$ cat query10.cif   # mmCIF, C-alpha atoms
data_target
#
loop_
_atom_site.label_atom_id
_atom_site.label_comp_id
_atom_site.auth_asym_id
_atom_site.auth_seq_id
_atom_site.Cartn_x
_atom_site.Cartn_y
_atom_site.Cartn_z
CA ARG A 1 342.56 235.91 -22.53
CA LYS A 2 340.50 232.81 -21.83
CA GLU A 3 341.54 230.72 -18.87
CA VAL A 4 342.11 227.58 -20.90
CA GLU A 5 342.50 227.77 -24.66
CA GLN A 6 342.53 224.96 -27.16
CA ASP A 7 342.51 224.65 -30.91
CA PRO A 8 338.90 223.61 -31.58
CA GLY A 9 339.79 221.54 -34.63
CA PRO A 10 338.31 219.41 -36.02
CA PHE A 11 341.30 217.23 -36.62
CA ASN A 12 340.48 214.67 -39.29
CA VAL A 13 343.14 211.97 -39.46
CA PRO A 14 343.44 208.47 -40.93
CA GLU A 15 343.78 205.42 -38.74
CA GLY A 16 347.34 204.91 -37.61
CA ALA A 17 348.22 208.61 -37.72
CA THR A 18 349.92 210.50 -34.94
CA VAL A 19 348.10 213.62 -33.79
CA ALA A 20 349.02 216.30 -31.27
CA PHE A 21 346.79 218.69 -29.35
CA ASN A 22 347.93 221.85 -27.62
CA CYS A 23 346.49 223.85 -24.79
CA THR A 24 347.50 227.03 -22.98
CA TYR A 25 346.30 228.28 -19.62
CA SER A 26 346.37 231.76 -18.16
CA ASN A 27 346.69 231.21 -14.42
CA SER A 28 350.34 230.65 -13.62
CA ALA A 29 349.41 229.45 -10.13
CA SER A 30 347.48 226.45 -11.49
CA GLN A 31 348.32 223.27 -9.67
CA SER A 32 346.76 220.32 -11.45
CA PHE A 33 346.37 219.48 -15.10
CA PHE A 34 344.35 216.86 -16.92
CA TRP A 35 343.20 215.67 -20.28
CA TYR A 36 339.60 214.48 -20.39
CA ARG A 37 337.81 212.85 -23.25
CA GLN A 38 334.17 213.61 -24.05
CA ASP A 39 332.10 211.62 -26.50
CA CYS A 40 329.12 213.24 -28.17
CA ARG A 41 326.31 213.96 -25.68
CA LYS A 42 328.18 212.17 -22.88
CA GLU A 43 329.96 213.20 -19.73
CA PRO A 44 333.72 213.88 -19.72
CA LYS A 45 335.96 211.01 -18.69
CA LEU A 46 339.46 211.35 -17.35
CA LEU A 47 342.03 210.31 -19.91
CA MET A 48 345.14 211.14 -17.93
CA SER A 49 346.62 213.52 -15.45
CA VAL A 50 349.54 215.62 -16.65
CA TYR A 51 352.73 215.83 -14.62
CA SER A 52 355.64 218.21 -14.89
CA SER A 53 357.96 215.41 -15.91
CA GLY A 54 355.65 214.32 -18.68
CA ASN A 55 353.84 211.03 -18.64
CA GLU A 56 352.83 208.28 -20.98
CA ASP A 57 349.95 205.83 -20.97
CA GLY A 58 350.08 203.43 -23.87
CA ARG A 59 349.58 205.41 -27.07
CA PHE A 60 348.99 208.65 -25.18
CA THR A 61 351.71 211.03 -24.03
CA ALA A 62 351.09 214.22 -22.09
CA GLN A 63 353.53 217.04 -21.54
CA LEU A 64 353.43 220.10 -19.30
CA ASN A 65 355.55 223.21 -19.66
CA ARG A 66 354.90 225.42 -16.66
CA ALA A 67 357.16 228.22 -17.88
CA SER A 68 355.16 228.55 -21.08
CA GLN A 69 351.87 227.56 -19.43
CA TYR A 70 351.41 224.99 -22.13
CA ILE A 71 350.05 221.45 -22.11
CA SER A 72 350.11 218.93 -24.91
CA LEU A 73 348.64 215.55 -25.71
CA LEU A 74 350.11 213.22 -28.31
CA ILE A 75 348.16 210.25 -29.64
CA ARG A 76 350.11 207.67 -31.61
CA ASP A 77 348.68 205.01 -33.90
CA SER A 78 345.19 206.55 -33.87
CA LYS A 79 342.23 204.19 -33.66
CA LEU A 80 338.67 204.76 -34.85
CA SER A 81 337.64 204.61 -31.21
CA ASP A 82 339.81 207.63 -30.43
CA SER A 83 337.27 209.84 -32.20
CA ALA A 84 335.99 212.21 -29.53
CA THR A 85 336.48 215.70 -28.17
CA TYR A 86 339.57 216.10 -26.00
CA LEU A 87 339.30 218.57 -23.15
CA CYS A 88 342.25 220.31 -21.58
CA VAL A 89 341.45 220.83 -17.91
CA VAL A 90 343.23 222.89 -15.29
CA SER A 91 342.69 223.18 -11.59
CA PRO A 92 343.85 226.24 -9.70
CA TYR A 93 344.20 224.14 -6.60
CA GLY A 94 345.82 220.93 -5.60
CA GLY A 95 343.80 218.31 -3.81
CA SER A 96 340.20 217.33 -4.30
CA GLN A 97 338.44 220.48 -3.24
CA GLY A 98 339.12 222.74 -6.17
CA ASN A 99 336.99 223.31 -9.20
CA LEU A 100 338.12 222.32 -12.67
CA ILE A 101 338.42 224.80 -15.52
CA PHE A 102 337.69 223.28 -18.88
CA GLY A 103 338.82 224.27 -22.31
CA LYS A 104 336.27 224.12 -25.12
CA GLY A 105 337.84 220.96 -26.41
CA THR A 106 339.51 219.78 -29.59
CA LYS A 107 337.47 217.51 -31.77
CA LEU A 108 339.23 214.50 -33.27
CA SER A 109 337.79 212.37 -36.04
CA VAL A 110 339.72 209.26 -37.02
CA LYS A 111 338.76 207.87 -40.41
CA PRO A 112 339.31 204.36 -41.77
CA GLY B 1 334.97 202.20 -8.39
CA ALA B 2 334.13 205.91 -8.17
CA VAL B 3 330.79 205.72 -9.95
CA VAL B 4 328.47 208.71 -10.06
CA SER B 5 324.90 208.50 -11.27
CA GLN B 6 322.44 211.20 -12.28
CA HIS B 7 318.71 211.12 -12.57
CA PRO B 8 316.91 211.80 -14.79
CA SER B 9 319.13 211.43 -17.85
CA TRP B 10 316.86 213.73 -19.82
CA VAL B 11 313.82 215.84 -19.09
CA ILE B 12 311.48 218.00 -21.10
CA CYS B 13 309.36 220.50 -19.22
CA LYS B 14 307.17 223.52 -19.81
CA SER B 15 308.40 227.02 -19.16
CA GLY B 16 307.76 228.10 -15.59
CA THR B 17 307.98 224.67 -14.01
CA SER B 18 310.71 223.46 -11.67
CA VAL B 19 312.96 220.51 -12.35
CA LYS B 20 315.01 218.54 -9.83
CA ILE B 21 318.14 216.66 -10.85
CA GLU B 22 319.76 214.13 -8.52
CA CYS B 23 323.43 213.26 -8.36
CA ARG B 24 324.56 210.22 -6.40
CA SER B 25 327.95 208.78 -5.62
CA LEU B 26 327.34 205.04 -5.66
CA ASP B 27 330.46 203.54 -4.15
CA PHE B 28 332.15 206.32 -2.24
CA GLN B 29 331.33 209.18 0.07
CA ALA B 30 331.59 212.47 -1.74
CA THR B 31 332.71 215.30 0.50
CA THR B 32 332.39 217.71 -2.40
CA MET B 33 330.07 217.77 -5.36
CA PHE B 34 330.20 220.12 -8.30
CA TRP B 35 327.50 221.15 -10.74
CA TYR B 36 328.43 222.10 -14.29
CA ARG B 37 326.44 223.25 -17.28
CA GLN B 38 327.38 222.80 -20.92
CA PHE B 39 325.72 224.58 -23.83
CA PRO B 40 326.17 223.18 -27.37
CA LYS B 41 329.73 223.57 -28.67
CA GLN B 42 330.77 225.25 -25.42
CA SER B 43 332.98 224.15 -22.57
CA LEU B 44 331.69 222.89 -19.28
CA MET B 45 331.11 225.80 -16.95
CA LEU B 46 331.10 225.36 -13.22
CA MET B 47 327.87 226.57 -11.66
CA ALA B 48 328.44 225.79 -8.00
CA THR B 49 330.43 223.77 -5.51
CA SER B 50 328.76 222.10 -2.59
CA ASN B 51 330.20 220.47 0.48
CA GLU B 52 328.08 218.06 2.47
CA GLY B 53 326.11 219.79 5.17
CA SER B 54 326.91 223.34 4.15
CA LYS B 55 325.60 225.91 1.70
CA ALA B 56 326.74 225.75 -1.88
CA THR B 57 329.21 228.26 -3.27
CA TYR B 58 327.95 229.69 -6.53
CA GLU B 59 330.07 230.97 -9.38
CA GLN B 60 329.70 234.55 -10.49
CA GLY B 61 326.65 235.04 -12.66
CA VAL B 62 324.80 231.96 -11.39
CA GLU B 63 321.61 232.84 -9.54
CA LYS B 64 321.45 230.92 -6.31
CA ASP B 65 317.71 231.49 -5.96
CA LYS B 66 317.11 229.98 -9.37
CA PHE B 67 319.47 227.02 -9.09
CA LEU B 68 318.87 225.50 -5.69
CA ILE B 69 321.49 223.03 -4.54
CA ASN B 70 321.13 220.68 -1.63
CA HIS B 71 323.90 218.36 -0.46
CA ALA B 72 322.25 216.72 2.50
CA SER B 73 324.31 213.55 2.60
CA LEU B 74 327.70 212.28 1.53
CA THR B 75 326.16 210.40 -1.39
CA LEU B 76 323.47 212.72 -2.69
CA SER B 77 323.29 216.24 -4.08
CA THR B 78 320.32 217.75 -5.86
CA LEU B 79 320.03 220.67 -8.24
CA THR B 80 316.60 222.23 -8.66
CA VAL B 81 316.07 224.57 -11.58
CA THR B 82 313.20 226.77 -10.44
CA SER B 83 310.83 228.46 -12.88
CA ALA B 84 312.75 227.06 -15.83
CA HIS B 85 312.85 229.00 -19.08
CA PRO B 86 313.99 227.98 -22.56
CA GLU B 87 317.39 229.63 -22.01
CA ASP B 88 317.97 227.15 -19.17
CA SER B 89 317.94 224.30 -21.68
CA SER B 90 321.35 222.73 -21.39
CA PHE B 91 323.35 219.66 -20.40
CA TYR B 92 323.76 219.60 -16.63
CA ILE B 93 326.58 217.44 -15.27
CA CYS B 94 327.55 216.78 -11.69
CA SER B 95 330.85 215.53 -10.42
CA ALA B 96 332.05 214.32 -7.08
CA SER B 97 335.27 214.02 -5.22
CA TRP B 98 336.53 213.18 -1.78
CA VAL B 99 339.39 214.32 0.36
CA GLY B 100 342.43 212.49 -0.85
CA THR B 101 341.61 212.11 -4.55
CA ALA B 102 344.81 212.83 -6.38
CA GLY B 103 345.37 216.35 -7.64
CA GLY B 104 341.77 217.43 -7.85
CA GLU B 105 340.40 214.50 -9.85
CA GLN B 106 336.64 214.49 -10.06
CA PHE B 107 334.27 211.74 -11.13
CA PHE B 108 331.47 212.78 -13.41
CA GLY B 109 327.89 211.67 -13.64
CA PRO B 110 326.42 210.87 -17.06
CA GLY B 111 324.65 214.21 -17.27
CA THR B 112 321.06 215.37 -17.54
CA ARG B 113 319.80 216.95 -20.72
CA LEU B 114 317.16 219.56 -19.92
CA THR B 115 314.88 220.96 -22.58
CA VAL B 116 312.48 223.71 -21.58
CA LEU B 117 309.67 224.36 -24.03
#

$ encode --input "query10.cif" --output "structure tokens"
Amino acid sequence: RKEVEQDPGPFNVPEGATVAFNCTYSNSASQSFFWYRQDCRKEPKLLMSVYSSGNEDGRFTAQLNRASQYISLLIRDSKLSDSATYLCVVSPYGGSQGNLIFGKGTKLSVKP
Amino acid sequence: GAVVSQHPSWVICKSGTSVKIECRSLDFQATTMFWYRQFPKQSLMLMATSNEGSKATYEQGVEKDKFLINHASLTLSTLTVTSAHPEDSSFYICSASWVGTAGGEQFFGPGTRLTVL
């Protein structure tokens, strides 16, 4: 089983749609969870951290289920600019010293 | 804040030559820097972790004699790909963090695209 698994997509949605991405991770001792966004041929950029209680940032909502080792990202009212690859990222450690384990990413394409 | 730069942004070299990539934290002191590699349609894979002033820790399967990492200061780490071959062609990305960044957050450089002919 891969350490971090994501549906590769692509997800092709119209503007204004709501889209959800899922991710599972294998290490039950993982401490930190993130969603990153990566545009084509660019570096990943942090979209949001994911907390056990769930968290929301504007149109983006992230959820974590530790029991199921499952992370989700919901994007509401999709914009053309949301088109990118979304990376589920897990860290086995807390704090700044641990490495990040990346999923392969889910590609999103928002169409007019 | 938390800006990381990389140089060069792309490089093309002949097989057998060595290539040095620089990673700089511009507005903070990076106690730890990470080097990742990403092949097309693949996830980022950690190559090594380096702490300022000490030897890098390499991930399994990464040859430390081929990928030389130096982290001589709190704002600069370098990755040298020695005797590069076409299979080393990839997107190399560094990231940096410091003690106290929340929950393991890292700040990424813009990446260096290496093509070995």

$ atom_distance --input "query10.cif" --atom1 "CA of Pro110 in chain B" --atom2 "CA of Glu15 in chain A"
28.3 Å

$ interface_residues --input "query10.cif" --of "chain A" --to "chain B" --cutoff "10 Å" --atoms "only C-alpha atoms" --output "NGL selection string"
:A and (4 or 8 or 31-34 or 41-46 or 48-50 or 87 or 90-105)

$ atom_distance --input "query10.cif" --atom1 "CA of Tyr58 in chain B" --atom2 "CA of Ala30 in chain B"
18.2 Å

$ residues_around --input "query10.cif" --residues "Asn12 in chain A" --least-positions-apart "4" --cutoff "8 Å" --atoms "all atoms listed in the file" --output "list in words"
Leu108, Ser109, Val110 and Lys111 of chain A

$ resolve_selection --input "query10.cif" --expression "the PyMOL selection byres ((chain A and resi 62) around 6)" --output "list of chain:residue names"
A:Val50, A:Gly54, A:Asn55, A:Thr61, A:Gln63, A:Ser72, A:Leu73
